[in-house]
file protein_21.pdb (PDB, C-alpha atoms, pLDDT in the B column)
ATOM      1  CA  MET A  91      22.744 -33.216  -5.260  1.00 62.00           C
ATOM      2  CA  LYS A  92      20.976 -31.232  -2.523  1.00 61.00           C
ATOM      3  CA  PRO A  93      18.363 -28.689  -3.606  1.00 66.00           C
ATOM      4  CA  HIS A  94      18.979 -25.103  -2.598  1.00 61.00           C
ATOM      5  CA  PRO A  95      17.034 -24.086   0.507  1.00 60.00           C
ATOM      6  CA  GLN A  96      14.048 -21.866  -0.150  1.00 57.00           C
ATOM      7  CA  ARG A  97      14.178 -18.376   1.308  1.00 53.00           C
ATOM      8  CA  LYS A  98      11.382 -17.648   3.709  1.00 55.00           C
ATOM      9  CA  SER A  99       9.277 -14.656   2.842  1.00 56.00           C
ATOM     10  CA  PRO A 100       9.286 -11.871   5.434  1.00 59.00           C
ATOM     11  CA  ARG A 101       5.675 -11.068   4.489  1.00 53.00           C
ATOM     12  CA  LEU A 102       2.812 -12.056   6.794  1.00 62.00           C
ATOM     13  CA  LYS A 103       1.470 -15.339   5.447  1.00 68.00           C
ATOM     14  CA  GLY A 104      -2.059 -15.079   4.097  1.00 70.00           C
ATOM     15  CA  TYR A 105      -2.251 -11.280   4.421  1.00 77.00           C
ATOM     16  CA  ASP A 106      -3.580  -9.279   1.462  1.00 81.00           C
ATOM     17  CA  TYR A 107      -0.950  -6.576   0.871  1.00 84.00           C
ATOM     18  CA  THR A 108      -3.354  -4.704  -1.399  1.00 84.00           C
ATOM     19  CA  SER A 109      -5.568  -4.054   1.639  1.00 86.00           C
ATOM     20  CA  ASP A 110      -6.416  -0.542   2.744  1.00 89.00           C
ATOM     21  CA  GLY A 111      -4.213   0.514   5.603  1.00 92.00           C
ATOM     22  CA  ALA A 112      -0.958   2.039   6.694  1.00 95.00           C
ATOM     23  CA  TYR A 113       2.338   0.195   6.438  1.00 96.00           C
ATOM     24  CA  PHE A 114       5.706   1.058   7.967  1.00 98.00           C
ATOM     25  CA  VAL A 115       8.587   0.002   5.721  1.00 98.00           C
ATOM     26  CA  THR A 116      12.335  -0.127   6.219  1.00 97.00           C
ATOM     27  CA  ILE A 117      14.581  -0.530   3.203  1.00 98.00           C
ATOM     28  CA  CYS A 118      18.352  -0.956   3.605  1.00 97.00           C
ATOM     29  CA  THR A 119      21.142  -0.207   1.179  1.00 97.00           C
ATOM     30  CA  GLN A 120      23.270  -3.050  -0.142  1.00 96.00           C
ATOM     31  CA  GLU A 121      25.663  -4.166   2.615  1.00 95.00           C
ATOM     32  CA  ARG A 122      24.305  -1.174   4.549  1.00 95.00           C
ATOM     33  CA  TYR A 123      26.739   1.093   2.760  1.00 96.00           C
ATOM     34  CA  LEU A 124      26.427   4.801   3.524  1.00 96.00           C
ATOM     35  CA  LEU A 125      25.038   5.967   0.186  1.00 97.00           C
ATOM     36  CA  PHE A 126      22.510   8.691   0.943  1.00 98.00           C
ATOM     37  CA  GLY A 127      24.458  11.323   2.895  1.00 97.00           C
ATOM     38  CA  ASN A 128      25.390  11.983   6.522  1.00 96.00           C
ATOM     39  CA  VAL A 129      23.786  12.926   9.800  1.00 96.00           C
ATOM     40  CA  VAL A 130      25.241  16.232  11.013  1.00 95.00           C
ATOM     41  CA  ASN A 131      24.103  17.768  14.306  1.00 95.00           C
ATOM     42  CA  SER A 132      21.145  15.380  14.464  1.00 94.00           C
ATOM     43  CA  GLU A 133      19.959  16.365  10.967  1.00 96.00           C
ATOM     44  CA  MET A 134      20.117  14.231   7.858  1.00 96.00           C
ATOM     45  CA  ARG A 135      22.050  15.906   5.028  1.00 97.00           C
ATOM     46  CA  HIS A 136      21.358  14.144   1.752  1.00 97.00           C
ATOM     47  CA  ASP A 137      23.908  13.758  -0.983  1.00 97.00           C
ATOM     48  CA  SER A 138      22.733  13.492  -4.613  1.00 97.00           C
ATOM     49  CA  LEU A 139      21.676   9.845  -4.240  1.00 98.00           C
ATOM     50  CA  GLY A 140      19.800  10.600  -1.001  1.00 98.00           C
ATOM     51  CA  ALA A 141      18.018  13.487  -2.702  1.00 98.00           C
ATOM     52  CA  LEU A 142      17.125  11.171  -5.582  1.00 98.00           C
ATOM     53  CA  ALA A 143      15.644   8.615  -3.156  1.00 98.00           C
ATOM     54  CA  ARG A 144      13.626  11.363  -1.463  1.00 98.00           C
ATOM     55  CA  HIS A 145      12.347  12.633  -4.823  1.00 98.00           C
ATOM     56  CA  HIS A 146      11.227   9.190  -6.010  1.00 98.00           C
ATOM     57  CA  TRP A 147       9.479   8.437  -2.709  1.00 98.00           C
ATOM     58  CA  LEU A 148       7.505  11.671  -2.990  1.00 97.00           C
ATOM     59  CA  ASP A 149       6.693  10.783  -6.612  1.00 97.00           C
ATOM     60  CA  LEU A 150       4.966   7.464  -5.742  1.00 97.00           C
ATOM     61  CA  PRO A 151       1.418   8.917  -5.574  1.00 94.00           C
ATOM     62  CA  ASN A 152       1.870  10.102  -9.179  1.00 95.00           C
ATOM     63  CA  HIS A 153       2.300   6.466 -10.231  1.00 94.00           C
ATOM     64  CA  PHE A 154      -0.179   4.746  -7.918  1.00 92.00           C
ATOM     65  CA  ASP A 155      -3.661   6.250  -7.500  1.00 88.00           C
ATOM     66  CA  THR A 156      -4.182   4.325  -4.266  1.00 89.00           C
ATOM     67  CA  VAL A 157      -1.025   5.537  -2.462  1.00 93.00           C
ATOM     68  CA  GLU A 158      -0.762   8.288   0.123  1.00 93.00           C
ATOM     69  CA  LEU A 159       2.491   9.058   1.911  1.00 96.00           C
ATOM     70  CA  ASP A 160       2.948   9.805   5.573  1.00 96.00           C
ATOM     71  CA  TYR A 161       6.145  10.424   7.549  1.00 97.00           C
ATOM     72  CA  PHE A 162       9.438   9.181   6.074  1.00 97.00           C
ATOM     73  CA  VAL A 163      13.170   9.679   6.426  1.00 98.00           C
ATOM     74  CA  VAL A 164      16.092   8.874   4.151  1.00 98.00           C
ATOM     75  CA  MET A 165      18.994   7.908   6.431  1.00 97.00           C
ATOM     76  CA  PRO A 166      22.648   7.349   5.383  1.00 97.00           C
ATOM     77  CA  ASN A 167      22.173   3.621   4.751  1.00 96.00           C
ATOM     78  CA  HIS A 168      18.462   2.936   5.055  1.00 97.00           C
ATOM     79  CA  PHE A 169      15.029   4.366   4.546  1.00 97.00           C
ATOM     80  CA  HIS A 170      11.952   4.412   6.785  1.00 97.00           C
ATOM     81  CA  GLY A 171       8.546   5.373   5.470  1.00 98.00           C
ATOM     82  CA  ILE A 172       4.872   5.084   6.199  1.00 97.00           C
ATOM     83  CA  VAL A 173       2.814   4.382   3.113  1.00 96.00           C
ATOM     84  CA  VAL A 174      -0.968   4.323   3.147  1.00 95.00           C
ATOM     85  CA  ILE A 175      -2.816   2.202   0.635  1.00 93.00           C
ATOM     86  CA  ASN A 176      -6.177   3.845   0.276  1.00 89.00           C
ATOM     87  CA  ASN A 177      -8.296   2.150  -2.354  1.00 81.00           C
ATOM     88  CA  TYR A 178     -11.027   4.704  -1.669  1.00 66.00           C
ATOM     89  CA  LEU A 179      -9.007   7.140  -3.758  1.00 56.00           C
ATOM     90  CA  TYR A 180      -9.404   4.887  -6.772  1.00 54.00           C
ATOM     91  CA  GLU A 181     -12.885   3.612  -5.979  1.00 52.00           C
ATOM     92  CA  LYS A 182     -14.276   7.093  -5.462  1.00 49.00           C
ATOM     93  CA  VAL A 183     -13.321   7.989  -9.022  1.00 48.00           C
ATOM     94  CA  GLU A 184     -14.287   4.642 -10.552  1.00 48.00           C
ATOM     95  CA  THR A 185     -17.448   3.779  -8.617  1.00 46.00           C
ATOM     96  CA  GLY A 186     -18.534   6.934  -6.832  1.00 47.00           C
ATOM     97  CA  LEU A 187     -17.993   5.291  -3.430  1.00 45.00           C
ATOM     98  CA  THR A 188     -17.021   7.539  -0.569  1.00 45.00           C
ATOM     99  CA  PRO A 189     -15.110   6.552   2.557  1.00 44.00           C
ATOM    100  CA  THR A 190     -17.143   5.886   5.684  1.00 43.00           C
ATOM    101  CA  THR A 191     -14.280   4.800   7.949  1.00 42.00           C
ATOM    102  CA  ASN A 192     -10.680   5.713   8.604  1.00 42.00           C
ATOM    103  CA  PRO A 193      -8.582   3.647   6.140  1.00 44.00           C
ATOM    104  CA  ILE A 194      -5.892   3.142   8.786  1.00 47.00           C
ATOM    105  CA  VAL A 195      -8.186   1.309  11.186  1.00 42.00           C
ATOM    106  CA  GLY A 196     -11.433   0.739   9.286  1.00 47.00           C
ATOM    107  CA  ASP A 197     -12.763  -1.662   6.708  1.00 48.00           C
ATOM    108  CA  ALA A 198     -12.924  -0.915   3.016  1.00 46.00           C
ATOM    109  CA  PRO A 199     -16.174  -1.086   1.083  1.00 45.00           C
ATOM    110  CA  VAL A 200     -16.665  -3.936  -1.352  1.00 46.00           C
ATOM    111  CA  ARG A 201     -14.330  -3.452  -4.287  1.00 44.00           C
ATOM    112  CA  PRO A 202     -15.242  -3.783  -7.927  1.00 45.00           C
ATOM    113  CA  THR A 203     -14.003  -7.231  -8.939  1.00 42.00           C
ATOM    114  CA  LYS A 204     -12.388  -6.092 -12.202  1.00 42.00           C
ATOM    115  CA  THR A 205     -10.048  -3.632 -10.503  1.00 51.00           C
ATOM    116  CA  LYS A 206      -6.497  -4.777  -9.783  1.00 67.00           C
ATOM    117  CA  TYR A 207      -4.828  -3.019  -6.878  1.00 82.00           C
ATOM    118  CA  PRO A 208      -1.060  -2.719  -6.466  1.00 90.00           C
ATOM    119  CA  THR A 209       0.526  -4.681  -3.645  1.00 92.00           C
ATOM    120  CA  LEU A 210       2.845  -3.078  -1.117  1.00 95.00           C
ATOM    121  CA  GLY A 211       5.635  -5.110  -2.726  1.00 95.00           C
ATOM    122  CA  LEU A 212       4.921  -3.628  -6.154  1.00 95.00           C
ATOM    123  CA  ILE A 213       4.930  -0.106  -4.711  1.00 97.00           C
ATOM    124  CA  ILE A 214       8.240  -0.613  -2.870  1.00 97.00           C
ATOM    125  CA  GLY A 215       9.783  -2.444  -5.837  1.00 97.00           C
ATOM    126  CA  SER A 216       8.823   0.421  -8.141  1.00 97.00           C
ATOM    127  CA  PHE A 217      10.412   2.917  -5.764  1.00 98.00           C
ATOM    128  CA  LYS A 218      13.657   0.959  -5.537  1.00 98.00           C
ATOM    129  CA  ALA A 219      13.780   0.443  -9.310  1.00 97.00           C
ATOM    130  CA  ALA A 220      13.138   4.135 -10.047  1.00 98.00           C
ATOM    131  CA  VAL A 221      15.961   5.239  -7.741  1.00 98.00           C
ATOM    132  CA  THR A 222      18.358   2.696  -9.249  1.00 98.00           C
ATOM    133  CA  ARG A 223      17.406   3.518 -12.840  1.00 97.00           C
ATOM    134  CA  GLU A 224      17.752   7.289 -12.346  1.00 97.00           C
ATOM    135  CA  ALA A 225      21.037   6.953 -10.400  1.00 97.00           C
ATOM    136  CA  ARG A 226      22.540   5.007 -13.285  1.00 97.00           C
ATOM    137  CA  LYS A 227      21.105   7.344 -15.883  1.00 97.00           C
ATOM    138  CA  GLN A 228      22.642  10.365 -14.110  1.00 96.00           C
ATOM    139  CA  ASN A 229      25.899   8.477 -13.334  1.00 96.00           C
ATOM    140  CA  ILE A 230      25.394   9.163  -9.632  1.00 95.00           C
ATOM    141  CA  PHE A 231      25.927   5.529  -8.644  1.00 95.00           C
ATOM    142  CA  THR A 232      26.351   2.473 -10.860  1.00 92.00           C
ATOM    143  CA  GLY A 233      26.517  -0.299  -8.238  1.00 94.00           C
ATOM    144  CA  LYS A 234      23.762  -2.130  -6.444  1.00 96.00           C
ATOM    145  CA  ILE A 235      21.896   0.340  -4.211  1.00 98.00           C
ATOM    146  CA  TRP A 236      19.356  -1.771  -2.335  1.00 98.00           C
ATOM    147  CA  GLN A 237      19.306  -5.013  -0.412  1.00 96.00           C
ATOM    148  CA  ARG A 238      17.080  -7.672  -1.937  1.00 92.00           C
ATOM    149  CA  ASN A 239      14.042  -7.218   0.283  1.00 93.00           C
ATOM    150  CA  TYR A 240      12.498  -4.834   2.791  1.00 95.00           C
ATOM    151  CA  HIS A 241      10.900  -5.013   6.214  1.00 95.00           C
ATOM    152  CA  ASP A 242       7.258  -4.095   6.693  1.00 96.00           C
ATOM    153  CA  HIS A 243       4.992  -3.613   9.670  1.00 95.00           C
ATOM    154  CA  ILE A 244       1.222  -3.433   9.286  1.00 94.00           C
ATOM    155  CA  ILE A 245       0.090  -0.454  11.348  1.00 95.00           C
ATOM    156  CA  ARG A 246      -2.799  -1.635  13.482  1.00 92.00           C
ATOM    157  CA  ASP A 247      -4.152   1.485  15.169  1.00 94.00           C
ATOM    158  CA  GLU A 248      -3.639   5.194  15.846  1.00 94.00           C
ATOM    159  CA  ASP A 249      -1.254   4.559  18.779  1.00 96.00           C
ATOM    160  CA  ASP A 250       0.936   2.352  16.601  1.00 96.00           C
ATOM    161  CA  LEU A 251       0.897   5.006  13.863  1.00 96.00           C
ATOM    162  CA  ASN A 252       1.893   7.782  16.275  1.00 96.00           C
ATOM    163  CA  ARG A 253       4.694   5.683  17.802  1.00 97.00           C
ATOM    164  CA  LEU A 254       6.138   4.998  14.349  1.00 97.00           C
ATOM    165  CA  ARG A 255       5.820   8.640  13.314  1.00 97.00           C
ATOM    166  CA  GLN A 256       7.886   9.611  16.358  1.00 97.00           C
ATOM    167  CA  TYR A 257      10.449   6.959  15.489  1.00 96.00           C
ATOM    168  CA  VAL A 258      10.804   8.405  11.976  1.00 97.00           C
ATOM    169  CA  VAL A 259      11.047  12.011  13.175  1.00 96.00           C
ATOM    170  CA  TYR A 260      13.693  11.273  15.807  1.00 96.00           C
ATOM    171  CA  ASN A 261      15.692   8.757  13.764  1.00 96.00           C
ATOM    172  CA  PRO A 262      18.401  11.256  12.671  1.00 96.00           C
ATOM    173  CA  ALA A 263      18.851  12.535  16.251  1.00 95.00           C
ATOM    174  CA  LYS A 264      19.356   8.956  17.442  1.00 94.00           C
ATOM    175  CA  TRP A 265      21.585   7.912  14.545  1.00 94.00           C
ATOM    176  CA  GLU A 266      24.518   6.843  16.723  1.00 91.00           C
ATOM    177  CA  GLU A 267      22.171   4.564  18.708  1.00 91.00           C
ATOM    178  CA  ASP A 268      20.551   3.142  15.564  1.00 88.00           C
ATOM    179  CA  ARG A 269      21.073  -0.556  14.847  1.00 88.00           C
ATOM    180  CA  PHE A 270      22.025   0.406  11.260  1.00 87.00           C
ATOM    181  CA  TYR A 271      24.623   2.929  12.451  1.00 90.00           C
ATOM    182  CA  ARG A 272      28.131   2.886  11.058  1.00 85.00           C
ATOM    183  CA  GLU A 273      30.691   5.660  10.726  1.00 86.00           C
ATOM    184  CA  THR A 274      32.212   4.685   7.387  1.00 85.00           C
ATOM    185  CA  ASN A 275      31.875   2.164   4.624  1.00 84.00           C
ATOM    186  CA  LEU A 276      34.247  -0.736   5.106  1.00 66.00           C
TER     187      LEU A 276
END

call {"tool": "encode", "arguments": {"input": "protein_21.pdb", "output": "structure tokens"}}
result
Amino acid sequence: MKPHPQRKSPRLKGYDYTSDGAYFVTICTQERYLLFGNVVNSEMRHDSLGALARHHWLDLPNHFDTVELDYFVVMPNHFHGIVVINNYLYEKVETGLTPTTNPIVGDAPVRPTKTKYPTLGLIIGSFKAAVTREARKQNIFTGKIWQRNYHDHIIRDEDDLNRLRQYVVYNPAKWEEDRFYRETNL
């Protein structure tokens, strides 16, 4: 009997996903179904599930002291967002440390060893779970909402950040050119 092949992780091998920095994430719906609304005249119009996804994204900093949110967009069948993990937020309260560099491009001070920081995966998993749980609770959608994983990109510098911000802002206007584009669910 042949063993099942192991899935390869899309995460960067050896990278610490609790590290201070900005991350661009893309999360797709299951089978890329159009679940979150429609693009009309280059503007995203959320339905109730899209509004729920937006709400839970904006709620992340209330659950993770180290999370700041940047640009994001909920599209009909996927989500793009820039999340900043900024351990200074936690360390400043716990240790009195203050930031000396930009967390997007700079180094973090030495962390207290007893503190456990959330990974990017935990943050994204919590977001996906909250949307799913609330959708079921409100009987908005009872099926599987999200694909199993997500795509991430570690933002390396200010130019990279600005390029991705533009991508997010103009994503609804370029919906018909988007690689996730589809007119209807099949």

call {"tool": "resolve_selection", "arguments": {"input": "protein_21.pdb", "expression": "the PyMOL selection byres ((chain A and resi 210) around 8)", "output": "PyMOL selection string"}}
result
chain A and resi 107-108+175+208-209+211-214

call {"tool": "closest_atom_pairs", "arguments": {"input": "protein_21.pdb", "of": "region 116-157 of chain A", "to": "region 257-266 of chain A", "cutoff": "9 Å", "atoms": "all atoms listed in the file", "output": "JSON lines"}}
result
{"residue": "A:Val129", "atom": "CA", "partner": "A:Pro262", "partner_atom": "CA", "distance": 6.3}
{"residue": "A:Val130", "atom": "CA", "partner": "A:Pro262", "partner_atom": "CA", "distance": 8.6}
{"residue": "A:Asn131", "atom": "CA", "partner": "A:Ala263", "partner_atom": "CA", "distance": 7.7}
{"residue": "A:Ser132", "atom": "CA", "partner": "A:Ala263", "partner_atom": "CA", "distance": 4.1}
{"residue": "A:Glu133", "atom": "CA", "partner": "A:Pro262", "partner_atom": "CA", "distance": 5.6}
{"residue": "A:Met134", "atom": "CA", "partner": "A:Pro262", "partner_atom": "CA", "distance": 5.9}

call {"tool": "resolve_selection", "arguments": {"input": "protein_21.pdb", "expression": "the PyMOL selection byres ((chain A and resi 153) around 12)", "output": "VMD selection string"}}
result
chain A and resid 146 to 152 154 to 158 208 212 to 214 216 to 217 220

call {"tool": "closest_residue", "arguments": {"input": "protein_21.pdb", "among": "A:Arg238, A:Arg246, A:Arg223, A:Arg144", "to": "Phe162 (chain A)", "atoms": "all atoms listed in the file"}}
result
A:Arg144

call {"tool": "atom_distance", "arguments": {"input": "protein_21.pdb", "atom1": "CA of Trp236 (chain A)", "atom2": "CA of Arg255 (chain A)"}}
result
23.2 Å

call {"tool": "atom_distance", "arguments": {"input": "protein_21.pdb", "atom1": "CA of Asp249 (chain A)", "atom2": "CA of Phe114 (chain A)"}}
result
13.3 Å

call {"tool": "closest_residue", "arguments": {"input": "protein_21.pdb", "among": "A:Tyr105, A:Gln228, A:Asp110, A:Ile235", "to": "Phe169 (chain A)", "atoms": "all atoms listed in the file"}}
result
A:Ile235

call {"tool": "atom_distance", "arguments": {"input": "protein_21.pdb", "atom1": "CA of Asn229 (chain A)", "atom2": "CA of Val163 (chain A)"}}
result
23.5 Å

call {"tool": "residues_around", "arguments": {"input": "protein_21.pdb", "residues": "Ile117 (chain A)", "least_positions_apart": "3", "cutoff": "10 Å", "atoms": "all atoms listed in the file", "output": "list in words"}}
result
Gln120, Arg122, Val164, Asn167, His168, Phe169, His170, Gly171, Ile214, Lys218, Trp236, Gln237, Arg238, Asn239, Tyr240, His241 and Asp242 of chain A

call {"tool": "closest_residue", "arguments": {"input": "protein_21.pdb", "among": "A:Asp137, A:Met165, A:Leu159, A:Asp247", "to": "Thr119 (chain A)", "atoms": "all atoms listed in the file"}}
result
A:Met165

call {"tool": "axis_aligned_box", "arguments": {"input": "protein_21.pdb", "around": "region 223-232 of chain A", "padding_each_side": "4 Å", "output": "lines of an AutoDock Vina configuration file"}}
result
center_x = 21.9
center_y = 6.4
center_z = -12.3
size_x = 16.9
size_y = 15.9
size_z = 15.2

call {"tool": "closest_residue", "arguments": {"input": "protein_21.pdb", "among": "A:Leu125, A:Val174, A:Ile245, A:Thr274", "to": "Ala225 (chain A)", "atoms": "all atoms listed in the file"}}
result
A:Leu125

call {"tool": "residues_around", "arguments": {"input": "protein_21.pdb", "residues": "Arg226 (chain A)", "least_positions_apart": "6", "cutoff": "12 Å", "atoms": "only C-alpha atoms", "output": "PyMOL selection string"}}
result
chain A and resi 139+142+219-220+232-235

call {"tool": "write_last_selection", "arguments": {"input": "protein_21.pdb", "atoms": "C-alpha atoms", "output": "PDB file, in the frame of the given file"}}
result
ATOM      1  CA  LEU A 139      21.676   9.845  -4.240  1.00 98.00           C
ATOM      2  CA  LEU A 142      17.125  11.171  -5.582  1.00 98.00           C
ATOM      3  CA  ALA A 219      13.780   0.443  -9.310  1.00 97.00           C
ATOM      4  CA  ALA A 220      13.138   4.135 -10.047  1.00 98.00           C
ATOM      5  CA  THR A 232      26.351   2.473 -10.860  1.00 92.00           C
ATOM      6  CA  GLY A 233      26.517  -0.299  -8.238  1.00 94.00           C
ATOM      7  CA  LYS A 234      23.762  -2.130  -6.444  1.00 96.00           C
ATOM      8  CA  ILE A 235      21.896   0.340  -4.211  1.00 98.00           C
TER       9      ILE A 235
END

call {"tool": "closest_residue", "arguments": {"input": "protein_21.pdb", "among": "A:His136, A:Ile244, A:Val221, A:Tyr161", "to": "Gln256 (chain A)", "atoms": "only C-alpha atoms"}}
result
A:Tyr161
